[in-house]
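Text of coords_36.txt (compact mmCIF, C-alpha atoms) as supplied:
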```txt
# COMPACT_ATOMS: atom_id res chain seq x y z
CA MET A 1 4.92 -37.34 -25.83
CA LYS A 2 5.91 -37.66 -22.16
CA ARG A 3 9.17 -35.81 -22.78
CA GLY A 4 7.28 -33.01 -24.55
CA LEU A 5 4.86 -32.62 -21.65
CA LEU A 6 7.72 -32.46 -19.17
CA PHE A 7 9.46 -29.78 -21.27
CA ALA A 8 6.25 -27.72 -21.45
CA ALA A 9 5.81 -28.01 -17.69
CA ALA A 10 9.40 -26.85 -17.18
CA LEU A 11 8.76 -23.79 -19.35
CA LEU A 12 5.63 -22.92 -17.39
CA THR A 13 7.53 -23.28 -14.11
CA ALA A 14 10.32 -21.04 -15.39
CA GLY A 15 7.78 -18.45 -16.51
CA ALA A 16 6.18 -18.44 -13.07
CA ALA A 17 9.55 -18.08 -11.40
CA PHE A 18 10.30 -14.95 -13.44
CA ALA A 19 6.87 -13.32 -13.25
CA GLN A 20 7.18 -9.56 -13.30
CA PRO A 21 6.35 -7.62 -10.15
CA LYS A 22 3.20 -5.52 -10.15
CA ILE A 23 3.61 -1.75 -9.85
CA ILE A 24 2.10 0.25 -7.00
CA ALA A 25 2.14 4.05 -7.23
CA HIS A 26 3.29 5.41 -3.86
CA ARG A 27 0.75 7.93 -2.51
CA GLY A 28 -0.72 7.78 -5.99
CA TYR A 29 1.21 8.99 -9.03
CA TRP A 30 2.02 12.23 -7.28
CA THR A 31 5.25 12.99 -9.20
CA ALA A 32 3.23 13.47 -12.39
CA PRO A 33 2.45 17.05 -13.52
CA GLU A 34 -0.48 18.74 -11.75
CA SER A 35 -0.56 16.09 -9.07
CA ALA A 36 0.16 15.95 -5.33
CA GLN A 37 0.65 13.27 -2.71
CA ASN A 38 -2.57 11.47 -1.78
CA SER A 39 -4.64 13.80 -3.95
CA LEU A 40 -7.56 12.74 -6.10
CA ALA A 41 -5.41 13.62 -9.10
CA SER A 42 -2.69 11.23 -7.94
CA PHE A 43 -5.15 8.33 -8.01
CA SER A 44 -6.47 9.36 -11.42
CA LYS A 45 -2.97 9.59 -12.84
CA ALA A 46 -1.98 6.18 -11.44
CA ASP A 47 -5.10 4.79 -13.09
CA ALA A 48 -4.36 6.57 -16.38
CA ILE A 49 -0.95 4.90 -16.81
CA GLY A 50 -2.26 1.45 -15.89
CA ALA A 51 -0.53 1.01 -12.54
CA TYR A 52 -1.64 -2.16 -10.77
CA GLY A 53 -2.41 -0.26 -7.58
CA SER A 54 -2.40 3.16 -5.97
CA GLU A 55 -1.28 3.43 -2.36
CA PHE A 56 -2.81 6.04 -0.05
CA ASP A 57 -2.79 6.91 3.66
CA VAL A 58 -5.76 7.25 6.00
CA TRP A 59 -5.95 9.08 9.33
CA MET A 60 -8.80 9.32 11.81
CA THR A 61 -9.31 12.90 12.96
CA ALA A 62 -10.12 14.27 16.40
CA ASP A 63 -13.83 14.15 15.52
CA ASP A 64 -13.51 10.55 14.31
CA LYS A 65 -13.69 11.29 10.58
CA LEU A 66 -11.43 9.71 7.95
CA VAL A 67 -9.09 11.78 5.77
CA VAL A 68 -6.41 10.91 3.21
CA ASN A 69 -2.94 12.32 3.96
CA HIS A 70 0.51 11.02 4.81
CA ASP A 71 2.28 13.21 7.36
CA LYS A 72 0.91 13.41 10.89
CA VAL A 73 1.46 17.18 10.91
CA TYR A 74 0.96 18.81 7.55
CA LYS A 75 4.10 20.55 6.34
CA GLY A 76 4.16 24.29 7.02
CA THR A 77 1.30 24.11 9.51
CA ASP A 78 0.67 22.98 13.09
CA ILE A 79 -2.35 20.91 12.03
CA ASP A 80 -2.07 17.41 13.45
CA MET A 81 -4.13 14.82 11.60
CA GLU A 82 -5.19 13.06 14.79
CA LYS A 83 -5.79 16.17 16.92
CA ALA A 84 -7.51 18.47 14.42
CA THR A 85 -11.04 18.22 13.09
CA ALA A 86 -11.88 17.01 9.61
CA LYS A 87 -13.01 20.53 8.66
CA GLU A 88 -9.65 22.02 9.67
CA ILE A 89 -7.76 19.33 7.78
CA THR A 90 -9.80 19.38 4.57
CA ASN A 91 -9.36 23.17 4.38
CA ILE A 92 -5.65 22.57 3.69
CA VAL A 93 -4.81 23.20 0.04
CA LEU A 94 -2.40 20.76 -1.61
CA PRO A 95 0.34 21.92 -4.03
CA ASN A 96 -1.86 21.11 -7.05
CA GLY A 97 -4.72 23.27 -5.78
CA GLU A 98 -6.90 20.48 -4.39
CA ASN A 99 -7.89 20.25 -0.76
CA ILE A 100 -6.92 17.28 1.37
CA PRO A 101 -9.64 14.73 0.52
CA THR A 102 -11.87 12.79 2.83
CA LEU A 103 -11.81 9.03 2.50
CA ASP A 104 -15.37 9.23 1.14
CA ALA A 105 -14.25 11.48 -1.71
CA TYR A 106 -11.33 9.20 -2.48
CA LEU A 107 -13.50 6.07 -2.57
CA LYS A 108 -16.14 7.78 -4.74
CA LEU A 109 -13.42 8.52 -7.30
CA ALA A 110 -12.03 4.98 -7.08
CA LEU A 111 -15.48 3.63 -7.81
CA GLU A 112 -15.37 5.41 -11.18
CA LYS A 113 -11.98 3.87 -12.05
CA PRO A 114 -12.35 0.12 -11.55
CA ALA A 115 -9.03 -0.94 -13.10
CA THR A 116 -6.79 0.25 -10.27
CA ARG A 117 -6.41 -1.61 -7.00
CA LEU A 118 -6.60 0.31 -3.72
CA ILE A 119 -3.65 -0.12 -1.38
CA LEU A 120 -4.93 1.45 1.83
CA GLU A 121 -2.50 2.24 4.63
CA MET A 122 -4.11 3.02 7.95
CA LYS A 123 -1.76 5.28 9.89
CA SER A 124 -0.80 4.27 13.43
CA LEU A 125 -2.81 6.17 16.03
CA SER A 126 -2.21 7.23 19.64
CA ASP A 127 -3.79 4.17 21.23
CA PHE A 128 -5.16 0.78 20.29
CA ASN A 129 -8.78 1.72 21.00
CA ARG A 130 -8.61 4.50 18.43
CA GLU A 131 -6.96 2.17 15.94
CA ASP A 132 -9.73 -0.37 16.44
CA LEU A 133 -12.36 2.34 15.88
CA ALA A 134 -10.57 3.62 12.78
CA ALA A 135 -10.41 0.10 11.35
CA GLN A 136 -14.15 -0.31 11.92
CA LYS A 137 -14.89 3.00 10.19
CA ILE A 138 -12.61 2.18 7.24
CA VAL A 139 -14.27 -1.20 6.76
CA LYS A 140 -17.71 0.45 6.91
CA ALA A 141 -16.65 2.92 4.21
CA LEU A 142 -15.22 0.18 1.96
CA LYS A 143 -18.44 -1.79 2.29
CA LYS A 144 -20.53 1.32 1.59
CA TYR A 145 -18.83 1.71 -1.80
CA ASP A 146 -18.54 -2.04 -2.44
CA LEU A 147 -14.74 -1.75 -2.62
CA VAL A 148 -13.67 -4.42 -0.14
CA ASP A 149 -12.69 -6.86 -2.91
CA ARG A 150 -10.57 -4.19 -4.66
CA THR A 151 -8.66 -3.19 -1.53
CA ASP A 152 -5.51 -4.44 0.19
CA ILE A 153 -4.76 -3.17 3.70
CA ILE A 154 -1.28 -2.24 4.95
CA CYS A 155 -0.29 -1.05 8.45
CA PHE A 156 2.80 -0.39 10.56
CA SER A 157 0.76 -1.18 13.65
CA LEU A 158 0.41 -4.90 14.33
CA ASN A 159 -2.68 -4.10 16.41
CA ALA A 160 -4.26 -2.47 13.36
CA CYS A 161 -3.36 -5.44 11.13
CA LEU A 162 -5.07 -7.81 13.55
CA ALA A 163 -8.10 -5.51 13.90
CA PHE A 164 -8.57 -5.59 10.13
CA LYS A 165 -7.97 -9.35 10.05
CA LYS A 166 -10.83 -9.82 12.48
CA LEU A 167 -13.15 -7.53 10.49
CA LEU A 168 -12.12 -8.69 7.00
CA PRO A 169 -10.81 -12.26 7.28
CA ASP A 170 -10.67 -12.73 3.49
CA THR A 171 -8.89 -9.44 2.68
CA LYS A 172 -5.16 -9.29 2.04
CA ILE A 173 -3.47 -7.54 4.97
CA TYR A 174 0.26 -6.79 4.98
CA TYR A 175 2.57 -5.71 7.79
CA LEU A 176 4.89 -2.75 7.14
CA ASN A 177 7.19 -2.39 10.11
CA GLY A 178 9.90 -4.82 8.98
CA ASP A 179 10.67 -6.41 12.34
CA LEU A 180 8.91 -9.77 11.88
CA SER A 181 10.12 -12.73 9.84
CA PRO A 182 7.88 -14.40 7.25
CA HIS A 183 7.33 -17.30 9.66
CA SER A 184 5.90 -14.88 12.25
CA ILE A 185 3.69 -13.26 9.62
CA LYS A 186 2.39 -16.67 8.58
CA ARG A 187 1.52 -17.55 12.17
CA LEU A 188 -0.47 -14.31 12.46
CA GLY A 189 -2.51 -15.19 9.38
CA LEU A 190 -1.48 -12.13 7.34
CA ALA A 191 -1.07 -12.15 3.56
CA GLY A 192 2.57 -11.16 3.46
CA ILE A 193 5.32 -8.68 4.17
CA ASP A 194 5.41 -5.12 2.87
CA TYR A 195 8.88 -3.98 3.90
CA SER A 196 11.23 -1.13 3.03
CA GLU A 197 14.07 -1.65 0.61
CA ASN A 198 16.52 -1.28 3.51
CA VAL A 199 14.90 -4.17 5.40
CA LEU A 200 14.92 -6.46 2.36
CA HIS A 201 18.54 -5.57 1.59
CA LYS A 202 19.38 -6.82 5.09
CA HIS A 203 17.16 -9.89 4.73
CA PRO A 204 16.96 -10.85 1.04
CA GLU A 205 16.33 -14.45 2.14
CA TRP A 206 12.93 -13.34 3.46
CA VAL A 207 11.60 -13.14 -0.11
CA LYS A 208 12.07 -16.85 -0.77
CA GLN A 209 11.02 -17.74 2.77
CA ALA A 210 7.80 -15.79 2.29
CA HIS A 211 7.07 -17.44 -1.06
CA ASP A 212 7.78 -20.90 0.36
CA LEU A 213 5.15 -20.13 3.03
CA GLY A 214 2.60 -18.98 0.47
CA LEU A 215 3.04 -15.31 1.39
CA GLU A 216 3.50 -12.31 -0.89
CA VAL A 217 6.20 -9.63 -0.79
CA ASN A 218 6.00 -5.92 -1.52
CA VAL A 219 8.97 -3.55 -1.25
CA TRP A 220 8.90 0.23 -0.80
CA THR A 221 9.82 2.91 -1.81
CA VAL A 222 11.99 1.98 -4.78
CA ASP A 223 12.92 4.97 -6.95
CA LYS A 224 16.42 4.28 -8.34
CA GLU A 225 16.77 2.14 -11.46
CA GLU A 226 19.50 -0.06 -9.97
CA GLU A 227 17.27 -0.75 -6.97
CA MET A 228 14.33 -1.56 -9.22
CA LYS A 229 16.50 -4.08 -11.08
CA TYR A 230 17.73 -5.59 -7.81
CA PHE A 231 14.23 -6.25 -6.51
CA ILE A 232 12.97 -7.49 -9.88
CA ASP A 233 15.79 -10.04 -9.84
CA LEU A 234 15.06 -10.88 -6.20
CA GLY A 235 11.56 -11.92 -7.26
CA VAL A 236 9.31 -9.67 -5.18
CA ASP A 237 5.62 -9.66 -6.08
CA TYR A 238 5.07 -5.90 -5.92
CA ILE A 239 7.24 -2.80 -6.10
CA THR A 240 5.97 0.48 -4.66
CA THR A 241 7.54 3.52 -6.28
CA ASN A 242 7.18 7.27 -6.69
CA TYR A 243 8.06 6.82 -10.39
CA PRO A 244 5.73 4.15 -11.77
CA GLU A 245 6.31 5.04 -15.43
CA GLN A 246 10.07 4.60 -14.99
CA LEU A 247 9.46 1.12 -13.56
CA GLN A 248 7.01 0.33 -16.36
CA ALA A 249 9.64 1.22 -18.95
CA LEU A 250 12.22 -0.92 -17.18
CA LEU A 251 9.90 -3.93 -17.07
CA LYS A 252 9.16 -3.60 -20.79
```

Structure translated into structure tokens:
Amino acid sequence: MKRGLLFAAALLTAGAAFAQPKIIAHRGYWTAPESAQNSLASFSKADAIGAYGSEFDVWMTADDKLVVNHDKVYKGTDIDMEKATAKEITNIVLPNGENIPTLDAYLKLALEKPATRLILEMKSLSDFNREDLAAQKIVKALKKYDLVDRTDIICFSLNACLAFKKLLPDTKIYYLNGDLSPHSIKRLGLAGIDYSENVLHKHPEWVKQAHDLGLEVNVWTVDKEEEMKYFIDLGVDYITTNYPEQLQALLK
């Protein structure tokens, strides 16, 4: 009996060690037909294929509104996300015919699709005071739609990470910049590291170090099959990709 219990425990441990990473659609599933980066369609399409999460980017505009877009200056224009008004920005038409959405519009849609986790990146702003204000406004919006528990926060700015940590002490907050070891992240009280594939190629030992410290690991943006296999074998918890269905097929 004792031997059987030990064997069963060993199997459970092995299963945990080889748990599959969860899939995060980068800027939503924007590579799908009739989609576009950070569009409402990209979130809907990530939800439709059963992705664990959909990542999206949030800027605070010159008039202190929140919009969803990646690049600081929208391609083909001189419209700067931080210097232009929300009206100017949301008049921009995306390649799929949508306009750049406000954060409100994005969260309203997410509320209708409860299966998909929100991976919210707050973009780094021109000064810490504006980052602090943006964090406050984002938290207010998440609370308005009762989406705090469905949202993870990611930031390149350490100041922004700590601002969110103060406002949402129980929310998972991950650092993106790649210049801090897991031990430093643990001391800061963050949930884990969310580093580029280049960083984790240089420091593959950080995955085990993070796990030993009770931290999680996400890697971005992994689009080649050989890279997907590498990070699956490395044991990361999440993989962010522009091709979530390709990663789904590989994991099957």

Please report, as a tab-separated table, each residue of stretch 62-161 of chain A lying at most 12 Å from stretch 218-242 of chain A, together with the nearest pair of atoms and the separation in Å rounded to one decimal; use all atoms listed in the file, and order rows by chain and ascending residue number.
```
residue	atom	partner	partner_atom	distance
A:Ile119	CA	A:Thr240	CA	10.2
A:Asp152	CA	A:Asn218	CA	11.7
A:Ile154	CA	A:Asn218	CA	10.4
```

key: Pick from A:Gly28, A:Pro114, A:Gly178, A:Pro101 nearest to A:Glu88, counting all atoms listed in the file   = A:Pro101

ask   = In Å, how far is it from atom CA of A:Ile173 to atom CA of A:Pro204?
value =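 According to the coordinates, atom CA of A:Ile173 and atom CA of A:Pro204 are separated by 21.1 Å.
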
ask   = Separation of atom CA of A:Leu66 and atom CA of A:Ala135, in Å?
value =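 Interatomic distance, atom CA of A:Leu66 to atom CA of A:Ala135: 10.2 Å.
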
Given only C-alpha atoms as the counted atoms, nearest of A:Leu251, A:Val148, A:Ala36, A:Ala48 to A:Leu167 =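 With only C-alpha atoms as the atom set, the closest residue is A:Val148.
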
query = Could you work out how far atom CA of A:His70 lies from atom CA of A:Asn198, giving the answer in Å with one decimal?
reply = 20.2 Å

task = Using only C-alpha atoms, find the one residue out of A:Tyr106, A:Tyr29, A:Tyr74, A:Tyr174 that sits nearest to A:Glu216.
result =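 Nearest candidate to A:Glu216 out of A:Tyr106, A:Tyr29, A:Tyr74, A:Tyr174: A:Tyr174.
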
Pick from A:Asp63, A:Asp179, A:Asp78, A:Asp104, whichever lies nearest to A:Arg130 using all atoms listed in the file =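 Closest to A:Arg130 of all the choices is A:Asp63.
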
Using the file's own x, y and z axes, so that the box edges lie along x, y and z, what centre and edge lengths in Å (one decimal) does a box around every listed atom of stretch 175-193 of chain A get when 3 Å is added on each side? Give it as AutoDock Vina command-line options.
```
--center_x 4.1 --center_y -10.0 --center_z 8.0 --size_x 19.2 --size_y 21.2 --size_z 15.0
```

request  = Point out the residue among A:Leu213, A:Val67, A:Leu147, A:Leu162 with the least atom-to-atom distance to A:Lys123, counting all atoms listed in the file.
outcome  = A:Val67

query = With only C-alpha atoms as the atoms that count, which of A:Leu168, A:Ile49, A:Leu200, A:Ala210 lies nearest to A:Lys186?
reply = A:Ala210

query = Leaving out A:Trp30 and any residue of its chain fewer than 4 positions from it, which residues lie within 9 Å of it when counting only C-alpha atoms, given as a list of chain:residue names?
reply =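 My list of contacting residues is A:Ala25, A:His26, A:Glu34, A:Ser35, A:Ala36, A:Gln37, A:Asn38, A:Ser39, A:Ala41, A:Ser42, A:Phe43, A:Lys45, A:Ala46, A:Asn242, A:Tyr243.
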
task = Find the residues near A:Arg117: any atom within 7 Å, counting all atoms listed in the file, skip ones fewer than 4 places away on the same chain, and give them as a PyMOL selection string.
result = chain A and resi 52-54+150-151

Please dump the current selection as a PDB file, keeping the file's coordinate frame; keep C-alpha atoms.
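After the write, again-v9.pdb holds the following:
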```
ATOM      1  CA  TYR A  52      -1.640  -2.160 -10.770  1.00  0.00           C
ATOM      2  CA  GLY A  53      -2.410  -0.260  -7.580  1.00  0.00           C
ATOM      3  CA  SER A  54      -2.400   3.160  -5.970  1.00  0.00           C
ATOM      4  CA  ARG A 150     -10.570  -4.190  -4.660  1.00  0.00           C
ATOM      5  CA  THR A 151      -8.660  -3.190  -1.530  1.00  0.00           C
TER       6      THR A 151
END
```

request  = Quick one: residues within 9 Å of (-2.9, -2.7, 13.2) (file frame), counting only C-alpha atoms, please, as a ChimeraX atom specification.
outcome  = /A:122-124,128,131-132,135,154-165,175
